[in-house]
Amino acid sequence: MSTLRALARAQAVAAGRAQPVATVRHLHLSDRPLVLVPLALAGEANAPLAVLVGAAPDEARLLVVPQPRNRDQRFAFAAELAGIVLPYLDSFRGVTEAVAVDRGRDVRHRYVDAPQLLVPNPAGITFLRLFGRSTRFRRPDGDHPVYPSVPLLGRWLTFFAERAEQPGSAALLAMTDALTLHWATGQSAVEDLHLPAVLGWLDPPPGSTGAEAALRAEDPALVPPAGPATDPDFDNHRLAPAIEAYAGAEDDPAAYDELAGLLRGQLAPTWELMWRGVGLMRALPPGARVAGRWAGDRDAFTGYAEHVDADGGPQPRRDGAVAAALRLQRLERALTAWAVQRAYDDPLVMAEHRLAGEAFVGEVTLADPKRVDDSGRRPVLRPRIQVVTVEPVPMPVGATLYSPARPGQKATVVFVTPGGDGKTEVVLELSGGMGRGLTAPAGSVPEVGERICLTSLSDGYLPGGVFPTPEETPWTHGGPPEHHDG
Amino acid sequence: MEDRLGEIRGGGPPRRHNARTIAALTGNPGCTRRAVLDSAGADKPALAERLGFPARFGQSRFAITRGNAFEAQVKADGGVELLRLVAERLGVPVPAGATWTDLGGDDDRTARSRAALTAGGDGPALFDHPLLGLDVAGRRVHLEPDLVAARLAGRFHVVEIKSFPVIDGQADPAKVAAAAIQSAVYVLALRELLAAAGRDPELVSHEVVLICPHDFANRPVASLLDVRRQLLVLRRQLARMARVDDLLETLPAGFTADPAADPATLAAALHEVPARYAPDCLAACELAFFCRHEARGQTGALGRPVREALGGVPAVADVLALAEGVRTPEPEQAEAAALLRAAARLRADALAGNPA
């Protein structure tokens, strides 16, 4: 928790309303996201009870498992859900674009848009992950055959759950995470897991404070929980009798309707909240680097669609040593890039880094845009600027800094001179981002009077590590896998 | 002292502890209010209800049914399957058979449990429903676990049967943590039982066997949990509660936690005993909603990381006053105040639309 975000929470308490901690939206938001609100049966291993699903507020479809412990009904539910999710995914597999690879020597194709799944909270992501795990290894033949769409749904849900682990991916989002990334509530992180309470702080009903709205949202009798866990009182006094009545009535449509109506009553309020959350997010302008990260999600979607088309197998239960190392590296790089890119896109996020001594803002007081360094074999353009700041400058001489306004340019610290009046003069030498000649194009060198942010955070390319193939897994890591652990 | 404790809870019988409530004691050891109420055996759920902040720790009957069914399944056939699971997990040869002693029932369980568990003998044996005891706040608490104590290769292992699934070798970390601390309560009680009979308490292993459903099926799978850390925490908290007279001395005269008392009187009495509310309490303590209400406007109610990030300043109002520079900080707040002022300036700057 950065001090800046903590301060925003304190301000939210005092104001009785959530406070912004971002000035732009850091997540891609689809025009047509697929919202899923799942419920699971208490005590069982991720047994689905019901889901409300759809890609528009007025397109909610309710799927119910009237006997959640019944295995056949569970897979019938999976097939029904596949009947909604798979066509939704396919609807993005129309238009592709060419992307240059290998320095323009080759092209690959990716879909111009990709699906986006939204669930209420992180537990909803876990539900989808486990539901994917319980269905992706099923087979349409053998002892317990299932519809062919069931294992396919399982693979796709696993794909989305794995994307959700990657920082900055917007393929599968928990609404509570997405909202609290942009606003600070006046409650704790634990309480922020409850979507109705978060929206209470963000958008309290007229005449009540965020705190009052959040408190009201905690009473399951007034506001049903956002799932997947149900309210025990609801289970004991309403759901259990309805399930028993249905079981006793032997497929009586009236008993089914009763049960479905009960579950719809628990899900519909969360459905409304999900779309209110979407509306709040849409009102924020997207950050400049959001589209680039979404392109990563589109790449991943394209890649997995091709894998499925080629009859590729389901994701393994556990990664092998090499796959695990690769995954870890990918996640670490994504985490770094996610933090840096948000700071570059958003002055309010950069302010957190300024407070932590990783960035400062100052005014350019001197600029020598024509300076040429001719001490080397051939002369190079190395303009210098002097920036005066009132913020601390803990960066040492020789450090390389970057400016979000000119991300392709490096600024090397040459002198740091603290003044007596609390101001610090920093002289920087610039390289890159100025063309190839010995004259800097207009605008490529900061001008006197310009306010500039300099940071040690780099959005540059991080070279990947080199990993052996699975067949060459070293003995320290268990050696090559003996068989494919499908 | 017992009189004083009885007075505090309003004369009723002390609320019975079980492994879950004892395990919960370790949750927030710094909270005096909780230590006093738990030592007195006060009826916290009734108290919370009376104060207008009812606890929500309901259990779904679906979960209860499933838990009972799984346990019955694992214990079926005189524990043949259970024995195999435990032996295989411990890496010892599966014995051809084991004695199965059900210590449940009504008459004289304490004595029967003591006799059976301390009798010696090295043969493989399973003991179901043993009645164990622990001293909590100077009072003997009886534990009636559903667990099985397994004696294999001469050592006892606590076997805990839980109905949450282990999927691809992983289970819900919160549920595993709760099972570990509960099991530690049993390990401790079993060790004390052996020690009291003059036997080596180390005969009870610190490795607990956890039996859960495997993946999405009902097939049981055994895992080992090392509960040494939990044992340490538990011993420390029990030792603290044993010094209950020290705690009582700090209480104001006439302090009451009698659920029958007038709510305003109750609230006033409780406010006199300091609580250390943290958001984690919501999942563990019946009184949490009351304490949260009391802690409104405190940075601690937003979570410890928030409080720390705000320089440890306790009150939200003080944080904002220091951040806006409208209050002169106390000498020990100087550093926090400077940080808060810088944060407020940067935040205002960015929100005013100044580019970074």
# chains A, B, ... in the order shown; residues from 1 in each chain; ligands from 1
call {"tool": "closest_atom_pairs", "arguments": {"of": "chain A", "to": "chain B", "cutoff": "6 Å", "atoms": "only C-alpha atoms", "output": "CSV"}}
result
residue,atom,partner,partner_atom,distance
A:Thr3,CA,B:Ala309,CA,4.7
A:Leu4,CA,B:Ala343,CA,5.6
A:Ala6,CA,B:Val306,CA,5.1
A:Ala10,CA,B:Val316,CA,5.7
A:Ala42,CA,B:Ala63,CA,5.2
A:Gly43,CA,B:Ala63,CA,3.7
A:Ala45,CA,B:Phe216,CA,5.6
A:Gln187,CA,B:Leu302,CA,5.2
A:Ser188,CA,B:Leu302,CA,4.1
A:Pro232,CA,B:Ser60,CA,4.3
A:Asp235,CA,B:Ser60,CA,5.8
A:Asn236,CA,B:Arg61,CA,5.9
A:Pro347,CA,B:Ala356,CA,4.7
A:Leu348,CA,B:Ala350,CA,5.1
A:Ala351,CA,B:Leu346,CA,5.8
A:Cys453,CA,B:Ala356,CA,5.2
call {"tool": "select_by_dssp", "arguments": {"residues": "stretch 150-318 of chain B", "states": "alpha helix (DSSP H)", "output": "number ranges by chain"}}
result
B: 173-196, 228-242, 244-249, 263-271, 288-294, 304-309, 316-318
call {"tool": "write_last_selection", "arguments": {"atoms": "C-alpha atoms", "output": "short mmCIF file (atom, residue, chain, number, x, y, z; two decimals), in the first residue's frame"}}
result
data_model
loop_
_atom_site.label_atom_id
_atom_site.label_comp_id
_atom_site.auth_asym_id
_atom_site.auth_seq_id
_atom_site.Cartn_x
_atom_site.Cartn_y
_atom_site.Cartn_z
CA PRO B 173 -4.83 -21.76 2.00
CA ALA B 174 -7.20 -20.18 4.53
CA LYS B 175 -8.89 -23.52 5.18
CA VAL B 176 -5.57 -25.33 5.50
CA ALA B 177 -4.35 -22.70 7.97
CA ALA B 178 -7.50 -23.12 10.06
CA ALA B 179 -7.14 -26.92 10.02
CA ALA B 180 -3.49 -26.62 11.06
CA ILE B 181 -4.18 -24.52 14.12
CA GLN B 182 -7.11 -26.71 15.18
CA SER B 183 -4.96 -29.79 14.83
CA ALA B 184 -2.28 -28.12 16.90
CA VAL B 185 -4.82 -27.79 19.72
CA TYR B 186 -5.31 -31.56 19.63
CA VAL B 187 -1.60 -32.26 19.46
CA LEU B 188 -1.07 -30.11 22.51
CA ALA B 189 -3.92 -31.77 24.42
CA LEU B 190 -2.73 -35.24 23.50
CA ARG B 191 0.82 -34.42 24.56
CA GLU B 192 -0.38 -33.12 27.92
CA LEU B 193 -2.39 -36.29 28.40
CA LEU B 194 0.68 -38.44 27.83
CA ALA B 195 2.91 -36.22 29.95
CA ALA B 196 0.43 -36.38 32.83
CA ARG B 228 5.25 -26.73 15.09
CA ARG B 229 4.71 -23.04 14.45
CA GLN B 230 1.05 -23.27 15.43
CA LEU B 231 2.03 -25.09 18.64
CA LEU B 232 4.32 -22.22 19.60
CA VAL B 233 1.65 -19.59 18.99
CA LEU B 234 -0.91 -21.61 20.88
CA ARG B 235 1.32 -22.18 23.91
CA ARG B 236 2.12 -18.49 24.07
CA GLN B 237 -1.53 -17.45 24.00
CA LEU B 238 -2.58 -20.11 26.51
CA ALA B 239 0.20 -18.99 28.84
CA ARG B 240 -1.06 -15.44 28.53
CA MET B 241 -4.59 -16.49 29.35
CA ALA B 242 -3.32 -18.48 32.32
CA VAL B 244 -5.89 -14.10 33.75
CA ASP B 245 -5.60 -12.41 37.16
CA ASP B 246 -3.21 -9.86 35.64
CA LEU B 247 -5.82 -9.15 33.03
CA LEU B 248 -8.59 -8.85 35.59
CA GLU B 249 -6.62 -6.30 37.56
CA PRO B 263 -27.10 -2.62 25.79
CA ALA B 264 -25.91 0.90 26.62
CA THR B 265 -24.33 -0.31 29.87
CA LEU B 266 -22.73 -3.20 28.03
CA ALA B 267 -21.32 -0.99 25.30
CA ALA B 268 -19.96 1.47 27.86
CA ALA B 269 -18.33 -1.38 29.81
CA LEU B 270 -16.74 -2.87 26.71
CA HIS B 271 -15.41 0.49 25.55
CA ALA B 288 -15.93 -7.90 15.29
CA PHE B 289 -18.79 -5.75 13.98
CA PHE B 290 -19.08 -4.00 17.32
CA CYS B 291 -15.34 -3.34 17.45
CA ARG B 292 -15.31 -2.18 13.85
CA HIS B 293 -18.06 0.31 14.61
CA GLU B 294 -16.05 1.56 17.55
CA ARG B 304 -2.55 -2.53 9.08
CA PRO B 305 -0.82 -1.81 5.75
CA VAL B 306 -2.87 1.40 5.39
CA ARG B 307 -2.09 2.47 8.91
CA GLU B 308 1.62 1.84 8.39
CA ALA B 309 1.62 3.67 5.06
CA VAL B 316 -8.04 9.55 10.16
CA ALA B 317 -8.84 13.12 11.20
CA ASP B 318 -5.26 13.60 12.44
#
call {"tool": "select_by_dssp", "arguments": {"residues": "stretch 74-141 of chain A", "states": "strand (DSSP E)", "output": "CSV table (one decimal) with N, CA and C atoms, in the first residue's frame"}}
result
chain,number,residue,atom,x,y,z
A,96,THR,N,-8.9,-10.4,-38.9
A,96,THR,CA,-7.5,-10.4,-38.4
A,96,THR,C,-6.7,-9.3,-38.9
A,97,GLU,N,-5.6,-9.0,-38.3
A,97,GLU,CA,-4.7,-8.0,-38.8
A,97,GLU,C,-3.3,-8.6,-38.9
A,98,ALA,N,-2.5,-8.0,-39.8
A,98,ALA,CA,-1.1,-8.5,-39.9
A,98,ALA,C,-0.2,-7.8,-39.0
A,99,VAL,N,0.7,-8.5,-38.3
A,99,VAL,CA,1.6,-7.9,-37.4
A,99,VAL,C,3.0,-8.3,-37.9
A,100,ALA,N,3.9,-7.3,-38.1
A,100,ALA,CA,5.2,-7.6,-38.5
A,100,ALA,C,6.0,-8.3,-37.4
A,101,VAL,N,6.7,-9.3,-37.7
A,101,VAL,CA,7.6,-10.0,-36.7
A,101,VAL,C,9.0,-10.1,-37.3
A,106,ASP,N,8.8,-11.0,-41.5
A,106,ASP,CA,7.7,-11.9,-41.6
A,106,ASP,C,6.5,-11.2,-41.0
A,107,VAL,N,5.3,-11.8,-41.2
A,107,VAL,CA,4.1,-11.3,-40.6
A,107,VAL,C,3.4,-12.5,-39.9
A,108,ARG,N,2.7,-12.1,-38.9
A,108,ARG,CA,1.7,-13.1,-38.3
A,108,ARG,C,0.4,-12.4,-38.2
A,109,HIS,N,-0.7,-13.1,-38.0
A,109,HIS,CA,-2.0,-12.5,-38.0
A,109,HIS,C,-2.6,-12.7,-36.6
A,110,ARG,N,-3.3,-11.6,-36.2
A,110,ARG,CA,-4.0,-11.7,-34.9
A,110,ARG,C,-5.4,-11.1,-35.1
A,111,TYR,N,-6.3,-11.5,-34.2
A,111,TYR,CA,-7.7,-11.0,-34.3
A,111,TYR,C,-7.7,-9.6,-33.9
A,117,LEU,N,-14.0,-11.5,-20.3
A,117,LEU,CA,-14.9,-12.0,-19.3
A,117,LEU,C,-14.9,-11.2,-18.0
A,118,LEU,N,-16.0,-10.9,-17.5
A,118,LEU,CA,-16.1,-10.1,-16.2
A,118,LEU,C,-16.8,-10.9,-15.1
A,119,VAL,N,-16.2,-11.1,-14.0
A,119,VAL,CA,-16.9,-11.7,-12.8
A,119,VAL,C,-16.9,-10.7,-11.7
call {"tool": "atom_distance", "arguments": {"atom1": "atom CA of A:Phe360", "atom2": "atom CA of A:Glu391"}}
result
6.0 Å
call {"tool": "closest_residue", "arguments": {"among": "A:Arg406, A:Glu162, A:Leu81, A:Gly154", "to": "A:Met434", "atoms": "only C-alpha atoms"}}
result
A:Arg406
call {"tool": "atom_distance", "arguments": {"atom1": "atom CA of A:Ala339", "atom2": "atom CA of A:Lys423"}}
result
28.3 Å
call {"tool": "atom_distance", "arguments": {"atom1": "atom CA of A:Pro145", "atom2": "atom CA of A:Val53"}}
result
25.4 Å
call {"tool": "residues_around", "arguments": {"residues": "B:Gly154", "least_positions_apart": "4", "cutoff": "9 Å", "atoms": "only C-alpha atoms", "output": "PyMOL selection string"}}
result
chain B and resi 121-124+203
call {"tool": "residues_around", "arguments": {"residues": "stretch 261-277 of chain A", "least_positions_apart": "5", "cutoff": "8 Å", "atoms": "only C-alpha atoms", "output": "list in words"}}
result
Val35, Val37, Ala50, Val51, Leu52, Pro57, Leu62, Val64, Val119, Pro120, Met175, Leu179, Leu195, Pro196, Leu199, Val223, Pro224, Pro225, Ala226, Arg238 and Leu239 of chain A
call {"tool": "write_last_selection", "arguments": {"atoms": "N, CA and C atoms", "output": "short mmCIF file (atom, residue, chain, number, x, y, z; two decimals), in the first residue's frame"}}
result
data_model
loop_
_atom_site.label_atom_id
_atom_site.label_comp_id
_atom_site.auth_asym_id
_atom_site.auth_seq_id
_atom_site.Cartn_x
_atom_site.Cartn_y
_atom_site.Cartn_z
N VAL A 35 -20.42 -10.93 -19.08
CA VAL A 35 -20.50 -10.90 -17.62
C VAL A 35 -21.00 -12.25 -17.12
N VAL A 37 -21.97 -14.20 -13.46
CA VAL A 37 -22.13 -14.16 -12.01
C VAL A 37 -22.43 -15.59 -11.55
N ALA A 50 -25.65 -22.12 -9.99
CA ALA A 50 -26.34 -21.29 -10.98
C ALA A 50 -25.36 -20.28 -11.53
N VAL A 51 -25.69 -19.73 -12.67
CA VAL A 51 -24.91 -18.62 -13.21
C VAL A 51 -25.86 -17.72 -13.98
N LEU A 52 -25.60 -16.42 -13.89
CA LEU A 52 -26.30 -15.45 -14.72
C LEU A 52 -25.24 -14.94 -15.70
N PRO A 57 -26.62 -5.78 -20.66
CA PRO A 57 -27.45 -5.74 -19.46
C PRO A 57 -28.81 -6.44 -19.64
N LEU A 62 -30.13 -17.19 -17.33
CA LEU A 62 -29.94 -17.92 -16.07
C LEU A 62 -29.79 -19.40 -16.35
N VAL A 64 -29.21 -23.08 -14.32
CA VAL A 64 -29.38 -23.59 -12.96
C VAL A 64 -29.04 -25.07 -12.94
N VAL A 119 -16.21 -11.06 -13.96
CA VAL A 119 -16.87 -11.71 -12.82
C VAL A 119 -16.85 -10.73 -11.65
N PRO A 120 -17.67 -10.97 -10.62
CA PRO A 120 -17.78 -9.95 -9.56
C PRO A 120 -16.51 -9.78 -8.72
N MET A 175 -14.51 -7.60 -11.00
CA MET A 175 -14.98 -6.21 -10.95
C MET A 175 -14.45 -5.47 -9.73
N LEU A 179 -12.36 -2.02 -10.10
CA LEU A 179 -12.84 -0.75 -9.53
C LEU A 179 -11.84 -0.20 -8.51
N LEU A 195 -18.37 -6.84 -3.63
CA LEU A 195 -18.74 -5.89 -4.69
C LEU A 195 -19.85 -4.92 -4.27
N PRO A 196 -20.93 -5.37 -3.63
CA PRO A 196 -21.96 -4.40 -3.26
C PRO A 196 -21.42 -3.29 -2.34
N LEU A 199 -19.35 -0.77 -4.49
CA LEU A 199 -20.21 0.15 -5.24
C LEU A 199 -20.96 1.09 -4.31
N VAL A 223 -29.10 -7.38 0.77
CA VAL A 223 -28.31 -7.44 -0.47
C VAL A 223 -27.65 -8.81 -0.53
N PRO A 224 -28.04 -9.66 -1.48
CA PRO A 224 -27.43 -10.99 -1.52
C PRO A 224 -25.93 -10.89 -1.81
N PRO A 225 -25.15 -11.84 -1.28
CA PRO A 225 -23.71 -11.83 -1.56
C PRO A 225 -23.44 -11.97 -3.05
N ALA A 226 -22.30 -11.46 -3.49
CA ALA A 226 -21.99 -11.46 -4.93
C ALA A 226 -21.41 -12.79 -5.38
N ARG A 238 -34.22 -21.25 2.50
CA ARG A 238 -34.93 -21.08 1.23
C ARG A 238 -34.45 -22.04 0.16
N LEU A 239 -33.12 -22.14 0.01
CA LEU A 239 -32.62 -22.98 -1.07
C LEU A 239 -32.85 -24.47 -0.81
#
